[in-house]
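> Below is work-v3.txt; it holds compact mmCIF, C-alpha atoms (C1' of nucleotides).
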# COMPACT_ATOMS: atom_id res chain seq x y z
CA MET A 340 0.00 0.00 0.00
CA ALA A 341 1.38 3.38 -0.97
CA ILE A 342 -0.88 5.55 1.14
CA SER A 343 -0.60 6.01 4.89
CA LYS A 344 -3.49 4.46 6.80
CA ASP A 345 -4.19 7.61 8.72
CA LEU A 346 -4.96 9.52 5.55
CA ILE A 347 -7.67 7.02 4.65
CA ARG A 348 -8.98 6.71 8.16
CA GLY A 349 -12.49 8.01 8.34
CA HIS A 350 -13.11 7.18 4.69
CA THR A 351 -13.50 3.44 5.04
CA ASP A 352 -17.25 3.54 5.59
CA THR A 353 -17.72 5.96 2.70
CA ILE A 354 -15.63 3.78 0.40
CA ILE A 355 -17.73 0.74 1.23
CA LEU A 356 -20.97 2.66 0.80
CA ASN A 357 -19.84 3.92 -2.58
CA ILE A 358 -19.10 0.40 -3.76
CA LEU A 359 -22.36 -1.00 -2.43
CA SER A 360 -24.29 1.87 -4.02
CA GLN A 361 -23.27 0.32 -7.34
CA GLY A 362 -24.72 -3.06 -6.47
CA ASP A 363 -24.76 -5.69 -3.73
CA SER A 364 -21.40 -7.20 -2.94
CA TYR A 365 -19.54 -9.33 -0.41
CA GLY A 366 -16.32 -9.00 1.54
CA TYR A 367 -13.81 -10.45 -0.82
CA GLN A 368 -15.23 -8.62 -3.81
CA VAL A 369 -15.37 -5.28 -2.00
CA SER A 370 -11.74 -5.83 -1.12
CA LYS A 371 -10.87 -6.33 -4.77
CA SER A 372 -12.97 -3.33 -5.81
CA ILE A 373 -10.98 -1.15 -3.45
CA ARG A 374 -7.73 -2.36 -4.93
CA LEU A 375 -9.12 -1.65 -8.38
CA LEU A 376 -10.53 1.80 -7.64
CA SER A 377 -7.28 2.87 -6.03
CA GLN A 378 -5.23 1.45 -8.88
CA GLN A 379 -3.34 -0.81 -6.52
CA GLN A 380 -2.46 2.14 -4.30
CA TYR A 381 -4.50 1.00 -1.37
CA GLU A 382 -5.46 -2.26 0.23
CA LEU A 383 -7.90 -2.56 3.08
CA ASN A 384 -7.06 -5.05 5.78
CA GLU A 385 -9.59 -7.86 6.01
CA ALA A 386 -10.24 -7.37 9.69
CA THR A 387 -10.84 -3.67 9.08
CA LEU A 388 -13.27 -4.45 6.29
CA TYR A 389 -15.37 -6.88 8.25
CA THR A 390 -15.30 -4.62 11.30
CA ALA A 391 -16.62 -1.85 9.07
CA PHE A 392 -19.39 -4.13 7.73
CA ARG A 393 -20.51 -4.86 11.29
CA ARG A 394 -20.35 -1.18 12.23
CA LEU A 395 -22.35 -0.13 9.18
CA GLU A 396 -24.93 -2.86 9.64
CA LYS A 397 -25.35 -2.02 13.31
CA GLY A 398 -25.87 1.61 12.30
CA GLY A 399 -28.48 0.66 9.72
CA ALA A 400 -26.52 1.87 6.69
CA ILE A 401 -26.28 -1.59 5.17
CA ALA A 402 -28.10 -4.93 5.46
CA SER A 403 -26.85 -8.45 4.82
CA TYR A 404 -28.02 -11.83 3.58
CA TRP A 405 -26.32 -15.13 2.92
CA GLY A 406 -26.04 -16.04 -0.76
CA ASP A 407 -27.44 -19.40 -1.85
CA GLU A 408 -24.23 -20.67 -3.38
CA THR A 409 -24.77 -24.26 -4.50
CA GLN A 410 -21.01 -24.48 -4.92
CA GLY A 411 -18.04 -22.45 -3.75
CA ALA A 412 -17.57 -20.93 -0.31
CA ARG A 413 -20.56 -19.30 1.34
CA ARG A 414 -20.82 -15.58 0.79
CA LYS A 415 -22.44 -12.93 2.90
CA TYR A 416 -23.84 -10.23 0.68
CA TYR A 417 -24.35 -6.65 1.72
CA THR A 418 -26.86 -4.11 0.39
CA ILE A 419 -26.93 -0.41 1.01
CA THR A 420 -30.08 0.87 2.73
CA THR A 421 -31.88 4.17 2.16
CA SER A 422 -30.23 5.46 5.30
CA GLY A 423 -26.88 4.35 3.93
CA GLN A 424 -27.50 6.22 0.68
CA GLN A 425 -28.08 9.35 2.72
CA HIS A 426 -24.93 8.72 4.74
CA LEU A 427 -23.01 8.48 1.49
CA THR A 428 -24.42 11.70 0.12
CA THR A 429 -23.59 13.55 3.32
CA ALA A 430 -20.08 12.11 3.45
CA LEU A 431 -19.38 13.14 -0.13
CA GLN A 432 -20.48 16.67 0.62
CA GLU A 433 -18.34 16.77 3.73
CA TRP A 434 -15.33 15.56 1.79
CA GLY A 435 -15.72 18.18 -0.93
CA PHE A 436 -15.61 20.71 1.84
CA ALA A 437 -13.00 19.09 4.08
CA LYS A 438 -10.35 18.63 1.42
CA ASP A 439 -10.16 22.38 0.90
CA VAL A 440 -9.93 23.03 4.62
CA ILE A 441 -7.17 20.45 4.93
CA SER A 442 -5.28 21.88 1.96
CA ASN A 443 -5.47 25.29 3.54
CA LEU A 444 -4.29 23.98 6.89
CA ILE A 445 -1.23 22.24 5.51
CA THR A 446 -0.21 24.78 2.89
CA GLY A 447 -1.92 27.99 3.97
CA ASN A 448 0.14 31.09 4.70
CA LEU A 449 -0.65 32.94 7.89
CA ASN A 450 0.40 36.30 6.47
CA GLU A 451 -2.04 36.28 3.60
CA GLY A 452 -5.25 36.77 5.48
CA ALA A 453 -5.44 33.04 5.85
CA SER A 454 -8.08 32.60 3.20
CA LEU A 455 -6.19 32.03 -0.04
CA MET B 128 -15.88 22.22 14.82
CA ALA B 129 -17.54 21.51 11.51
CA ILE B 130 -15.22 18.78 10.28
CA SER B 131 -15.14 15.24 11.58
CA LYS B 132 -11.96 14.42 13.49
CA ASP B 133 -11.27 11.32 11.47
CA LEU B 134 -10.96 13.33 8.29
CA ILE B 135 -8.19 15.42 9.85
CA ARG B 136 -6.48 12.55 11.56
CA GLY B 137 -3.08 12.01 10.12
CA HIS B 138 -2.79 15.67 9.16
CA THR B 139 -2.13 17.06 12.62
CA ASP B 140 1.64 16.80 12.37
CA THR B 141 1.66 18.30 8.90
CA ILE B 142 -0.55 21.19 10.00
CA ILE B 143 1.80 21.98 12.87
CA LEU B 144 4.87 21.71 10.65
CA ASN B 145 3.31 24.06 8.12
CA ILE B 146 2.65 26.66 10.79
CA LEU B 147 6.13 26.33 12.31
CA SER B 148 7.71 26.58 8.85
CA GLN B 149 6.42 30.15 8.84
CA GLY B 150 8.15 31.01 12.09
CA ASP B 151 8.64 29.78 15.64
CA SER B 152 5.47 29.54 17.69
CA TYR B 153 4.03 28.15 20.89
CA GLY B 154 1.02 26.05 21.80
CA TYR B 155 -1.63 28.61 22.29
CA GLN B 156 -0.65 30.54 19.19
CA VAL B 157 -0.53 27.43 17.01
CA SER B 158 -4.00 26.65 18.26
CA LYS B 159 -5.22 30.05 17.16
CA SER B 160 -3.43 29.77 13.82
CA ILE B 161 -5.28 26.53 13.13
CA ARG B 162 -8.60 28.18 13.88
CA LEU B 163 -7.62 31.02 11.57
CA LEU B 164 -6.34 28.89 8.69
CA SER B 165 -9.47 26.76 8.79
CA GLN B 166 -11.69 29.79 8.97
CA GLN B 167 -13.20 28.59 12.23
CA GLN B 168 -14.02 25.20 10.69
CA TYR B 169 -11.60 23.28 12.80
CA GLU B 170 -10.30 23.40 16.32
CA LEU B 171 -7.55 21.18 17.61
CA ASN B 172 -7.96 19.83 21.11
CA GLU B 173 -5.28 21.09 23.47
CA ALA B 174 -4.28 17.64 24.59
CA THR B 175 -3.93 16.55 20.97
CA LEU B 176 -1.79 19.55 20.19
CA TYR B 177 0.66 19.05 23.02
CA THR B 178 0.77 15.32 22.37
CA ALA B 179 1.71 16.13 18.77
CA PHE B 180 4.42 18.53 19.94
CA ARG B 181 5.97 15.79 22.06
CA ARG B 182 5.69 13.26 19.24
CA LEU B 183 7.30 15.63 16.74
CA GLU B 184 10.07 16.65 19.11
CA LYS B 185 10.82 13.03 19.94
CA GLY B 186 11.01 12.32 16.22
CA GLY B 187 13.38 15.21 15.66
CA ALA B 188 11.06 17.22 13.42
CA ILE B 189 10.85 20.12 15.84
CA ALA B 190 12.89 21.49 18.74
CA SER B 191 11.77 23.58 21.71
CA TYR B 192 13.02 26.29 24.03
CA TRP B 193 11.47 28.28 26.82
CA GLY B 194 10.88 31.94 26.01
CA ASP B 195 12.30 34.53 28.36
CA GLU B 196 9.04 36.30 29.09
CA THR B 197 9.64 39.01 31.66
CA GLN B 198 5.89 39.19 32.04
CA GLY B 199 2.94 36.99 31.12
CA ALA B 200 2.79 33.23 31.43
CA ARG B 201 5.84 31.21 30.43
CA ARG B 202 5.82 30.02 26.85
CA LYS B 203 7.48 27.04 25.28
CA TYR B 204 8.48 27.88 21.74
CA TYR B 205 8.86 25.35 18.98
CA THR B 206 11.07 25.55 15.87
CA ILE B 207 10.99 23.32 12.86
CA THR B 208 14.24 21.43 12.17
CA THR B 209 15.75 20.56 8.80
CA SER B 210 14.38 17.07 9.22
CA GLY B 211 10.97 18.58 9.94
CA GLN B 212 11.13 20.63 6.75
CA GLN B 213 11.72 17.44 4.83
CA HIS B 214 8.86 15.72 6.62
CA LEU B 215 6.63 18.59 5.58
CA THR B 216 7.67 18.42 1.94
CA THR B 217 7.08 14.69 1.83
CA ALA B 218 3.70 14.97 3.53
CA LEU B 219 2.56 17.64 1.08
CA GLN B 220 3.51 15.44 -1.84
CA GLU B 221 1.70 12.50 -0.32
CA TRP B 222 -1.41 14.57 0.20
CA GLY B 223 -1.47 15.81 -3.40
CA PHE B 224 -1.45 12.19 -4.38
CA ALA B 225 -3.72 10.78 -1.68
CA LYS B 226 -6.59 13.16 -2.18
CA ASP B 227 -7.06 11.91 -5.73
CA VAL B 228 -6.96 8.29 -4.63
CA ILE B 229 -9.50 9.03 -1.91
CA SER B 230 -11.76 10.91 -4.30
CA ASN B 231 -11.65 7.97 -6.65
CA LEU B 232 -12.41 5.51 -3.86
CA ILE B 233 -15.46 7.35 -2.61
CA THR B 234 -16.91 8.46 -5.95
CA GLY B 235 -15.32 6.12 -8.49
CA ASN B 236 -17.49 3.96 -10.69
CA LEU B 237 -16.53 0.32 -10.99
CA ASN B 238 -17.94 0.00 -14.50
CA GLU B 239 -15.79 2.68 -16.01
CA GLY B 240 -12.45 0.95 -15.91
CA ALA B 241 -11.97 2.37 -12.46
CA SER B 242 -9.60 5.08 -13.56
CA LEU B 243 -11.78 8.09 -14.28
C1' DC C 1235 -11.22 41.42 43.51
C1' DA C 1236 -13.76 37.97 40.81
C1' DA C 1237 -13.92 36.29 36.18
C1' DA C 1238 -11.91 35.65 31.89
C1' DT C 1239 -7.90 34.74 29.28
C1' DT C 1240 -3.32 32.95 28.40
C1' DA C 1241 -0.42 28.86 28.70
C1' DC C 1242 1.08 24.24 29.64
C1' DT C 1243 0.53 19.35 31.52
C1' DG C 1244 -1.41 14.74 32.90
C1' DT C 1245 -4.86 10.95 33.21
C1' DG C 1246 -7.96 7.84 31.40
C1' DG C 1247 -10.86 6.40 27.80
C1' DT C 1248 -12.72 5.69 22.91
C1' DT C 1249 -12.23 4.48 18.20
C1' DG C 1250 -10.47 2.83 13.86
C1' DT C 1251 -7.17 0.10 12.12
C1' DC C 1252 -4.06 -3.75 11.77
C1' DA C 1253 -1.34 -8.22 12.30
C1' DA C 1254 -1.88 -12.76 13.04
C1' DA C 1255 -4.21 -16.86 13.39
C1' DG C 1256 -8.08 -19.87 12.59
C1' DT C 1257 -11.85 -22.33 9.87
C1' DA C 1258 -13.41 -24.23 5.64
C1' DA C 1259 -14.33 -24.88 0.96
C1' DT C 1260 -12.68 -24.78 -4.01
C1' DT C 1261 -9.48 -24.52 -7.78
C1' DT C 1262 -4.94 -24.89 -9.92
C1' DG C 1263 -0.51 -27.00 -10.81
C1' DC C 1264 2.71 -30.67 -10.84
C1' DG D 1052 -4.19 -37.44 -6.83
C1' DC D 1053 -2.58 -34.44 -3.66
C1' DA D 1054 -0.20 -30.14 -2.21
C1' DA D 1055 -0.54 -25.30 -2.77
C1' DA D 1056 -2.97 -21.35 -3.87
C1' DT D 1057 -7.22 -18.96 -3.81
C1' DT D 1058 -11.76 -17.74 -2.14
C1' DA D 1059 -14.36 -16.35 1.95
C1' DC D 1060 -15.44 -15.18 6.60
C1' DT D 1061 -14.29 -14.58 11.75
C1' DT D 1062 -11.93 -13.62 16.18
C1' DT D 1063 -8.40 -11.95 19.27
C1' DG D 1064 -5.28 -8.73 21.01
C1' DA D 1065 -2.74 -4.73 20.39
C1' DC D 1066 -1.59 0.08 19.08
C1' DA D 1067 -1.71 4.96 17.84
C1' DA D 1068 -4.13 9.21 17.46
C1' DC D 1069 -7.30 11.71 19.40
C1' DC D 1070 -10.38 13.62 22.90
C1' DA D 1071 -12.79 15.04 27.36
C1' DC D 1072 -11.78 16.46 31.64
C1' DA D 1073 -9.17 18.16 35.27
C1' DG D 1074 -5.44 20.57 37.16
C1' DT D 1075 -1.80 24.32 37.80
C1' DA D 1076 -0.47 29.02 37.46
C1' DA D 1077 0.03 33.56 35.90
C1' DT D 1078 -2.06 37.84 33.86
C1' DT D 1079 -5.60 40.90 32.28
C1' DT D 1080 -10.23 42.79 32.20
C1' DG D 1081 -14.56 44.43 34.20
Take the structure from the file and write it as structure tokens.

Amino acid sequence: MAISKDLIRGHTDTIILNILSQGDSYGYQVSKSIRLLSQQQYELNEATLYTAFRRLEKGGAIASYWGDETQGARRKYYTITTSGQQHLTTALQEWGFAKDVISNLITGNLNEGASL
Amino acid sequence: MAISKDLIRGHTDTIILNILSQGDSYGYQVSKSIRLLSQQQYELNEATLYTAFRRLEKGGAIASYWGDETQGARRKYYTITTSGQQHLTTALQEWGFAKDVISNLITGNLNEGASL
DNA sequence: CAAATTACTGTGGTTGTCAAAGTAATTTGC
DNA sequence: GCAAATTACTTTGACAACCACAGTAATTTG
């Protein structure tokens, strides 16, 4: 992984919600989707992923069901709920806003009125 | 504070280094600088700030000295070191890179080749 | 002269993440 | 035909960053 964990921290739930908003999925596949979307720059630890699933399900943002695989390992599928869709929308708005604040905090000059 | 802590996490050190790169400062003033640079959108907890100072000093990115205030409360000033300057440069590069990866992870479409 | 402000420190707790190990089935390679 | 790799999910224990809260101490303002 090329990106420090702490820079992604806080985005895990949003990442999962984004992926699930494009269709039901299960752990292993979500994991691969993350690798794909980040162009191999980021890999989410399994334990972190499943912890996030439990957190999101507990919070009502996603729901789960066991697939009826007649062959292959059992898979637990996750769907995004209406509440989860709203969470995602809010998080995306917050990010659009936060990334400017962060940029300003780490590059901003104090002698320039601190706004640009 | 308008921005969730987890979105800032991992940037604290970089924020402090950016401020110190513009001149020596001390806790309370750094705190105010952060409020200013974020246009009141973010406030760093005191404990977090001083913990970061200790972490950065231990890592050699900053150094400290007590001011010789003839009046007013004593102040511990912090300076950025050469090593700290390099840390800052690296962190800024990583951020320029990471924010695109994050944007792609939280908005990217899996059916579009996952690159744009 | 009390209250607010400036300034620094310490304690204890929460949270997200991770490493490592475990279970169990299927598929691939020799 | 069997070992190794892959798919798939789970649990445990630990850590690092952050925060709330409390404390100390001086100065400034009302």
> Find the residue from D:DA1071, D:DA1059, D:DC1066, D:DA1076 that sits nearest to chain A; use all atoms listed in the file when measuring.
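Residue with the minimum atom-to-atom distance to chain A: D:DA1059.
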> Please work out which residues fall within 12 Å of (-11.0, 17.0, 25.2), coordinates as given in the file, with all atoms listed in the file counting, and return them as a list in words.
Glu170, Leu171, Asn172, Glu173, Ala174, Thr175 and Leu176 of chain B; DT1245, DG1246, DG1247 and DT1248 of chain C; DC1069, DC1070, DA1071, DC1072 and DA1073 of chain D
> Deliver the residues from the most recent selection as a file, using C-alpha atoms (C1' of nucleotides), as a CSV table (one decimal), in the frame of the given file.

chain,number,residue,atom,x,y,z
B,170,GLU,CA,-10.3,23.4,16.3
B,171,LEU,CA,-7.6,21.2,17.6
B,172,ASN,CA,-8.0,19.8,21.1
B,173,GLU,CA,-5.3,21.1,23.5
B,174,ALA,CA,-4.3,17.6,24.6
B,175,THR,CA,-3.9,16.6,21.0
B,176,LEU,CA,-1.8,19.6,20.2
C,1245,DT,C1',-4.9,11.0,33.2
C,1246,DG,C1',-8.0,7.8,31.4
C,1247,DG,C1',-10.9,6.4,27.8
C,1248,DT,C1',-12.7,5.7,22.9
D,1069,DC,C1',-7.3,11.7,19.4
D,1070,DC,C1',-10.4,13.6,22.9
D,1071,DA,C1',-12.8,15.0,27.4
D,1072,DC,C1',-11.8,16.5,31.6
D,1073,DA,C1',-9.2,18.2,35.3
> Quick one: residues within 10 Å of DA1238 of chain C, all atoms listed in the file, excluding same-chain residues fewer than 6 positions away - as a PyMOL selection string?
chain D and resi 1079-1081
> For the point (-4.5, -19.5, 7.2) in the file's frame, write as number ranges by chain all residues with an atom no more than 12 Å away, counting only C-alpha atoms (C1' of nucleotides).
C: 1254-1258; D: 1056-1061
> Grab the residues selected above and save them as a short mmCIF file (atom, residue, chain, number, x, y, z; two decimals), keeping the file's coordinate frame with C-alpha atoms (C1' of nucleotides).

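Listing of result23.cif after writing:
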data_model
loop_
_atom_site.label_atom_id
_atom_site.label_comp_id
_atom_site.auth_asym_id
_atom_site.auth_seq_id
_atom_site.Cartn_x
_atom_site.Cartn_y
_atom_site.Cartn_z
"C1'" DA C 1254 -1.88 -12.76 13.04
"C1'" DA C 1255 -4.21 -16.86 13.39
"C1'" DG C 1256 -8.08 -19.87 12.59
"C1'" DT C 1257 -11.85 -22.33 9.87
"C1'" DA C 1258 -13.41 -24.23 5.64
"C1'" DA D 1056 -2.97 -21.35 -3.87
"C1'" DT D 1057 -7.22 -18.96 -3.81
"C1'" DT D 1058 -11.76 -17.74 -2.14
"C1'" DA D 1059 -14.36 -16.35 1.95
"C1'" DC D 1060 -15.44 -15.18 6.60
"C1'" DT D 1061 -14.29 -14.58 11.75
#
> Set the cut-off to 10 Å and count all atoms listed in the file: what are the residues of chain C that reach chain A? Output as JSON, numbers by chain.
{"C": [1250, 1251, 1252, 1253, 1258, 1259, 1260, 1261]}
> For those residues, write C-alpha atoms (C1' of nucleotides) to a file as a compact mmCIF listing (two decimals), keeping the file's coordinate frame.

# COMPACT_ATOMS: atom_id res chain seq x y z
C1' DG C 1250 -10.47 2.83 13.86
C1' DT C 1251 -7.17 0.10 12.12
C1' DC C 1252 -4.06 -3.75 11.77
C1' DA C 1253 -1.34 -8.22 12.30
C1' DA C 1258 -13.41 -24.23 5.64
C1' DA C 1259 -14.33 -24.88 0.96
C1' DT C 1260 -12.68 -24.78 -4.01
C1' DT C 1261 -9.48 -24.52 -7.78
> Using atom CA of Gly423 of chain A and atom CA of Leu395 of chain A as the two end points, give the distance in Å to one decimal.
8.3 Å
> I'd like the superposed copy of chain B - fitted to chain A by least squares over all paired Cα atoms - as a JSON list (two decimals) with C-alpha atoms, in the coordinates of the input.

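Saved result, result.json, follows:
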[["chain", "number", "residue", "atom", "x", "y", "z"],
["B", 128, "MET", "CA", 0.00, -0.02, 0.04],
["B", 129, "ALA", "CA", 1.35, 3.35, -0.99],
["B", 130, "ILE", "CA", -0.89, 5.54, 1.13],
["B", 131, "SER", "CA", -0.61, 6.00, 4.86],
["B", 132, "LYS", "CA", -3.51, 4.48, 6.78],
["B", 133, "ASP", "CA", -4.20, 7.64, 8.70],
["B", 134, "LEU", "CA", -4.97, 9.53, 5.52],
["B", 135, "ILE", "CA", -7.69, 7.02, 4.66],
["B", 136, "ARG", "CA", -9.03, 6.71, 8.15],
["B", 137, "GLY", "CA", -12.51, 8.02, 8.34],
["B", 138, "HIS", "CA", -13.14, 7.19, 4.70],
["B", 139, "THR", "CA", -13.53, 3.44, 5.08],
["B", 140, "ASP", "CA", -17.28, 3.55, 5.60],
["B", 141, "THR", "CA", -17.76, 5.95, 2.71],
["B", 142, "ILE", "CA", -15.64, 3.79, 0.41],
["B", 143, "ILE", "CA", -17.73, 0.74, 1.24],
["B", 144, "LEU", "CA", -20.99, 2.64, 0.81],
["B", 145, "ASN", "CA", -19.86, 3.91, -2.58],
["B", 146, "ILE", "CA", -19.10, 0.40, -3.76],
["B", 147, "LEU", "CA", -22.37, -1.02, -2.42],
["B", 148, "SER", "CA", -24.31, 1.85, -4.02],
["B", 149, "GLN", "CA", -23.27, 0.31, -7.33],
["B", 150, "GLY", "CA", -24.71, -3.08, -6.46],
["B", 151, "ASP", "CA", -24.75, -5.70, -3.72],
["B", 152, "SER", "CA", -21.38, -7.22, -2.92],
["B", 153, "TYR", "CA", -19.53, -9.34, -0.41],
["B", 154, "GLY", "CA", -16.31, -9.00, 1.55],
["B", 155, "TYR", "CA", -13.80, -10.44, -0.79],
["B", 156, "GLN", "CA", -15.22, -8.63, -3.79],
["B", 157, "VAL", "CA", -15.35, -5.28, -1.99],
["B", 158, "SER", "CA", -11.73, -5.82, -1.10],
["B", 159, "LYS", "CA", -10.86, -6.32, -4.74],
["B", 160, "SER", "CA", -12.96, -3.33, -5.80],
["B", 161, "ILE", "CA", -10.98, -1.13, -3.43],
["B", 162, "ARG", "CA", -7.71, -2.35, -4.91],
["B", 163, "LEU", "CA", -9.11, -1.65, -8.36],
["B", 164, "LEU", "CA", -10.54, 1.80, -7.63],
["B", 165, "SER", "CA", -7.28, 2.88, -6.02],
["B", 166, "GLN", "CA", -5.26, 1.47, -8.86],
["B", 167, "GLN", "CA", -3.35, -0.78, -6.50],
["B", 168, "GLN", "CA", -2.47, 2.18, -4.26],
["B", 169, "TYR", "CA", -4.52, 1.03, -1.36],
["B", 170, "GLU", "CA", -5.46, -2.23, 0.25],
["B", 171, "LEU", "CA", -7.91, -2.53, 3.09],
["B", 172, "ASN", "CA", -7.06, -5.00, 5.81],
["B", 173, "GLU", "CA", -9.56, -7.84, 6.03],
["B", 174, "ALA", "CA", -10.21, -7.32, 9.70],
["B", 175, "THR", "CA", -10.85, -3.63, 9.09],
["B", 176, "LEU", "CA", -13.26, -4.44, 6.30],
["B", 177, "TYR", "CA", -15.36, -6.87, 8.27],
["B", 178, "THR", "CA", -15.29, -4.60, 11.30],
["B", 179, "ALA", "CA", -16.65, -1.83, 9.07],
["B", 180, "PHE", "CA", -19.38, -4.13, 7.75],
["B", 181, "ARG", "CA", -20.52, -4.86, 11.29],
["B", 182, "ARG", "CA", -20.36, -1.19, 12.25],
["B", 183, "LEU", "CA", -22.37, -0.15, 9.19],
["B", 184, "GLU", "CA", -24.95, -2.89, 9.64],
["B", 185, "LYS", "CA", -25.37, -2.02, 13.30],
["B", 186, "GLY", "CA", -25.89, 1.59, 12.29],
["B", 187, "GLY", "CA", -28.49, 0.63, 9.72],
["B", 188, "ALA", "CA", -26.55, 1.84, 6.69],
["B", 189, "ILE", "CA", -26.29, -1.61, 5.18],
["B", 190, "ALA", "CA", -28.10, -4.94, 5.47],
["B", 191, "SER", "CA", -26.82, -8.46, 4.83],
["B", 192, "TYR", "CA", -28.01, -11.83, 3.60],
["B", 193, "TRP", "CA", -26.31, -15.12, 2.92],
["B", 194, "GLY", "CA", -26.05, -16.03, -0.76],
["B", 195, "ASP", "CA", -27.39, -19.39, -1.85],
["B", 196, "GLU", "CA", -24.20, -20.64, -3.44],
["B", 197, "THR", "CA", -24.71, -24.19, -4.63],
["B", 198, "GLN", "CA", -20.96, -24.38, -5.02],
["B", 199, "GLY", "CA", -17.98, -22.38, -3.79],
["B", 200, "ALA", "CA", -17.55, -20.93, -0.33],
["B", 201, "ARG", "CA", -20.55, -19.31, 1.34],
["B", 202, "ARG", "CA", -20.82, -15.59, 0.79],
["B", 203, "LYS", "CA", -22.43, -12.94, 2.91],
["B", 204, "TYR", "CA", -23.84, -10.24, 0.68],
["B", 205, "TYR", "CA", -24.33, -6.66, 1.73],
["B", 206, "THR", "CA", -26.86, -4.13, 0.39],
["B", 207, "ILE", "CA", -26.94, -0.43, 1.01],
["B", 208, "THR", "CA", -30.11, 0.84, 2.73],
["B", 209, "THR", "CA", -31.90, 4.14, 2.15],
["B", 210, "SER", "CA", -30.27, 5.44, 5.29],
["B", 211, "GLY", "CA", -26.91, 4.32, 3.91],
["B", 212, "GLN", "CA", -27.53, 6.21, 0.68],
["B", 213, "GLN", "CA", -28.10, 9.33, 2.71],
["B", 214, "HIS", "CA", -24.97, 8.70, 4.74],
["B", 215, "LEU", "CA", -23.05, 8.46, 1.49],
["B", 216, "THR", "CA", -24.45, 11.70, 0.12],
["B", 217, "THR", "CA", -23.63, 13.54, 3.32],
["B", 218, "ALA", "CA", -20.11, 12.11, 3.48],
["B", 219, "LEU", "CA", -19.41, 13.14, -0.11],
["B", 220, "GLN", "CA", -20.51, 16.67, 0.63],
["B", 221, "GLU", "CA", -18.36, 16.77, 3.73],
["B", 222, "TRP", "CA", -15.36, 15.56, 1.80],
["B", 223, "GLY", "CA", -15.75, 18.20, -0.92],
["B", 224, "PHE", "CA", -15.63, 20.71, 1.86],
["B", 225, "ALA", "CA", -13.01, 19.10, 4.08],
["B", 226, "LYS", "CA", -10.37, 18.64, 1.44],
["B", 227, "ASP", "CA", -10.18, 22.39, 0.91],
["B", 228, "VAL", "CA", -9.93, 23.05, 4.63],
["B", 229, "ILE", "CA", -7.18, 20.46, 4.92],
["B", 230, "SER", "CA", -5.31, 21.86, 1.94],
["B", 231, "ASN", "CA", -5.46, 25.28, 3.51],
["B", 232, "LEU", "CA", -4.26, 23.97, 6.87],
["B", 233, "ILE", "CA", -1.23, 22.21, 5.47],
["B", 234, "THR", "CA", -0.20, 24.76, 2.84],
["B", 235, "GLY", "CA", -1.89, 27.99, 3.94],
["B", 236, "ASN", "CA", 0.18, 31.06, 4.65],
["B", 237, "LEU", "CA", -0.56, 32.92, 7.84],
["B", 238, "ASN", "CA", 0.50, 36.27, 6.41],
["B", 239, "GLU", "CA", -1.97, 36.26, 3.58],
["B", 240, "GLY", "CA", -5.16, 36.75, 5.51],
["B", 241, "ALA", "CA", -5.37, 33.01, 5.85],
["B", 242, "SER", "CA", -8.02, 32.61, 3.20],
["B", 243, "LEU", "CA", -6.13, 32.01, -0.03]]
> Is it possible to add N, CA and C atoms to segment 437-447 of chain A and hand it back as a tab-separated table (two decimals), in the coordinates of the input?

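Wrote part-v3.tsv, looks like this:
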chain	number	residue	atom	x	y	z
A	437	ALA	N	-14.14	19.37	3.21
A	437	ALA	CA	-13.00	19.09	4.08
A	437	ALA	C	-11.66	19.13	3.33
A	438	LYS	N	-11.64	18.69	2.09
A	438	LYS	CA	-10.35	18.63	1.42
A	438	LYS	C	-9.77	20.01	1.17
A	439	ASP	N	-10.64	21.00	1.04
A	439	ASP	CA	-10.16	22.38	0.90
A	439	ASP	C	-9.65	22.91	2.23
A	440	VAL	N	-10.37	22.60	3.30
A	440	VAL	CA	-9.93	23.03	4.62
A	440	VAL	C	-8.58	22.41	4.95
A	441	ILE	N	-8.44	21.13	4.66
A	441	ILE	CA	-7.17	20.45	4.93
A	441	ILE	C	-6.04	21.07	4.10
A	442	SER	N	-6.30	21.28	2.82
A	442	SER	CA	-5.28	21.88	1.96
A	442	SER	C	-4.83	23.22	2.52
A	443	ASN	N	-5.79	23.98	2.98
A	443	ASN	CA	-5.47	25.29	3.54
A	443	ASN	C	-4.66	25.17	4.83
A	444	LEU	N	-4.99	24.17	5.63
A	444	LEU	CA	-4.29	23.98	6.89
A	444	LEU	C	-2.84	23.54	6.70
A	445	ILE	N	-2.60	22.75	5.68
A	445	ILE	CA	-1.23	22.24	5.51
A	445	ILE	C	-0.38	23.05	4.54
A	446	THR	N	-1.01	23.96	3.79
A	446	THR	CA	-0.21	24.78	2.89
A	446	THR	C	-0.45	26.27	3.09
A	447	GLY	N	-1.51	26.60	3.82
A	447	GLY	CA	-1.92	27.99	3.97
A	447	GLY	C	-0.88	28.87	4.64
